[in-house]
Amino acid sequence: MTVLSVQHLSKKYGSITALRDVSFEVPAGTVFGILGPNGSGKTTLLGIVLDVLKATGGMFRLFGESPTHVHRQKIGALLETPNFYHYLSGRKNLEVVASIKGKGEGDIEGVLKRVNLYDRRDSAFSTYSLGMKQRLAIASSLLGSPEVLVLDEPTNGLDPVGIAEIRELIKSLSREGKTIIMASHLLDEVEKVCTHMALLKKGELLTTGKVTDILAQGDIVEVKGNARDILSAYPGVTKITTEDDLLQVYFDATGVSLKNINEYCFSKGVVLEHLTLKRKSLEARFLELTQN
Amino acid sequence: MLQVLKTEWMKVRSYRTFWILTALCFVGMVGLNYIVWDFPVKVNGNADKAQTQALLGHPYSYPNVWETTSWLSGWLLFLPGLLVIMLITNEYTYRTHRQNVIDGWPRVAFINAKLLWVVSLAVLCTLASALSAVIFGALGDAPFSTSGMEYVFYFFLETLSYLMMALLFGVLFRRSGLAIALYFVYILLLKFLLAGLIDWMTHGRAGDFVPLRVTDELLPLPVFRDLAKRPNREPLPVAALLSATAVYLGIFYAWMLYKFRNDNL
């Protein structure tokens, strides 16, 4: 089942195009990362899905249907910044959210405990630190145990411990079968928690699919030895760069055999001092895609 | 609708400014009527009551008291107007207008929620004014009468119009300082300037149909009628004033609804 289906979505702010003909689908039960540099259109995209922004063109569907407020009530969402009534306590703010969602107040204490905010539940929101505000926003999104969570930069303002906790929270929610749509510019964050992703740049979709498929676009083999010339003739090699005296040999596919490379070099009279297969990091893939 | 009302109540029940301004509206309307009721006694003493009555008539006796309290309370409508602007602009300041929609309210529900406040505050102000009429009417020298109670309804419409415009200003300008400043400029200055300008341009009385001015016309000065009367200006037909009021209320609602439904939040 598809939770969110985006079809040819566009958004313009005057002469500036924030989104251009973006289409992708979010399968149920996935942790779907929307990745892109600052200003790539991630928040705009989620803003349209959550009905705070109006699309200039295209459409989207939620749970296979035309979107209405009833669908939004089934989604827990944090968009951009934590938005709460400053004079109300954390608990009372969550009561307001529960009322809007048409849910009971029964799980307010549970979600506050889950984000480690229970002890400060009766303090006014205005007295919270940035990290606490972010935690309250995440707690708010968990109210009513929604099947889908939309989290825009969920680790904003959190310290390293907080980031690790939220990462674990996302993983545990995913294990419970929930679909999580997460926008982030933090590659590490997406790589560690997401199963699927869409990559945006300047409002355009560069690629979408499973994270493993996007990363597995080709192996990188790290080599030490005087083998640049002979390896450039090796089948499947697309480019060779040098990094700290080590050759980074890029292949056009995965499944490269280190044994074969070693034998090939040896047969050409070159003895390798170092030979290792590197998994392409999301950062490398991201730079590759966004700089082309 | 009940759920929306409950949610709105949750938002303000711990908001001190809300309670202070609401109390000020209520106490202010009763208090202002008390001051004006008490004024002739303070100035002249009971001995000269007859002289005061000769000058002012019996504004606080039945049936005039309904009109008097309604007209006088109208001078304090900036207070609930201020409260309405704060209630809506707070949402923009805290960006909770976005969050309410994200959490599942239809955009229309957000505007209707604020509309509920407008109606509730208009009812509260009308109650304060009507209560003043009952209290000070009972202290007057005529028996209770329902004659003239239509002015209570006119006051309700006047309050509704003032508060709807306050809400509209909040939705249009979003920032509390700007909305409050422009609202005050309109109700204290621009409304009169605009009416005068339109009268002058049309050589007629079209100026009386300027927004908010039209509801003011439903409640003319209840004393010194002969002195205040301008040559060749008979009171406008109530039906025309009521119709214009209904049209403005419709326009205010449609305008803010259109803006909130179609804008990026």
# chains A, B, ... in the order shown; residues from 1 in each chain; ligands from 1

$ interface_residues --of "chain A" --to "chain B" --cutoff "7 Å" --atoms "only C-alpha atoms" --output "ChimeraX atom specification"
/A:50-54,69-70,72-73,77,83-85,87-88,96-97,99-101

$ residues_around --residues "Gly28 of chain B" --least-positions-apart "6" --cutoff "9 Å" --atoms "only C-alpha atoms" --output "PyMOL selection string"
chain B and resi 73+76+79+128

$ write_last_selection --atoms "C-alpha atoms" --output "PDB file, in the first residue's frame"
ATOM      1  CA  SER B  73     -21.489  50.773  26.019  1.00  0.00           C
ATOM      2  CA  LEU B  76     -16.021  50.649  24.899  1.00  0.00           C
ATOM      3  CA  LEU B  79     -11.818  46.592  24.394  1.00  0.00           C
ATOM      4  CA  ALA B 128     -23.199  43.538  30.282  1.00  0.00           C
TER       5      ALA B 128
END

$ atom_distance --atom1 "atom CA of Lys92 of chain A" --atom2 "atom CA of Ala139 of chain A"
12.6 Å

$ select_by_dssp --residues "segment 177-262 of chain A" --states "helix (DSSP H, G or I)" --output "list in words"
Leu187, Asp188, Glu189, Val190, Glu191, Lys192, Val193, Val211, Thr212, Asp213, Ile214, Leu215, Arg228, Asp229, Ile230, Leu231, Leu258, Lys259, Asn260, Ile261 and Asn262 of chain A

$ residues_around --residues "segment 205-217 of chain A" --least-positions-apart "5" --cutoff "6 Å" --atoms "only C-alpha atoms" --output "list in words"
Val22, Thr195, His196, Met197, Ala198, Leu199 and Leu200 of chain A

$ residues_around --residues "Ser89 of chain A" --least-positions-apart "5" --cutoff "10 Å" --atoms "only C-alpha atoms" --output "list in words"
Phe84, Leu94, Glu95, Arg120, Arg121, Asp122, Ser123, Ala124, Phe125, Ser126, Thr127 and Tyr128 of chain A; Ser14 of chain B

$ write_last_selection --atoms "C-alpha atoms" --output "short mmCIF file (atom, residue, chain, number, x, y, z; two decimals), in the first residue's frame"
data_model
loop_
_atom_site.label_atom_id
_atom_site.label_comp_id
_atom_site.auth_asym_id
_atom_site.auth_seq_id
_atom_site.Cartn_x
_atom_site.Cartn_y
_atom_site.Cartn_z
CA PHE A 84 2.87 25.73 20.63
CA LEU A 94 -0.75 18.38 24.12
CA GLU A 95 -4.35 18.48 25.36
CA ARG A 120 8.68 19.19 32.99
CA ARG A 121 5.12 18.53 31.82
CA ASP A 122 3.64 21.31 33.93
CA SER A 123 6.19 23.99 33.01
CA ALA A 124 5.16 26.67 30.53
CA PHE A 125 6.34 26.05 26.97
CA SER A 126 8.09 29.44 27.04
CA THR A 127 10.47 28.11 29.71
CA TYR A 128 11.60 25.13 27.60
CA SER B 14 -4.90 29.68 31.34
#

$ residues_around --residues "Ile163 of chain A" --least-positions-apart "6" --cutoff "12 Å" --atoms "only C-alpha atoms" --output "PyMOL selection string"
chain A and resi 115+131+134-135+153-157+169-170+186+188-189+192-193
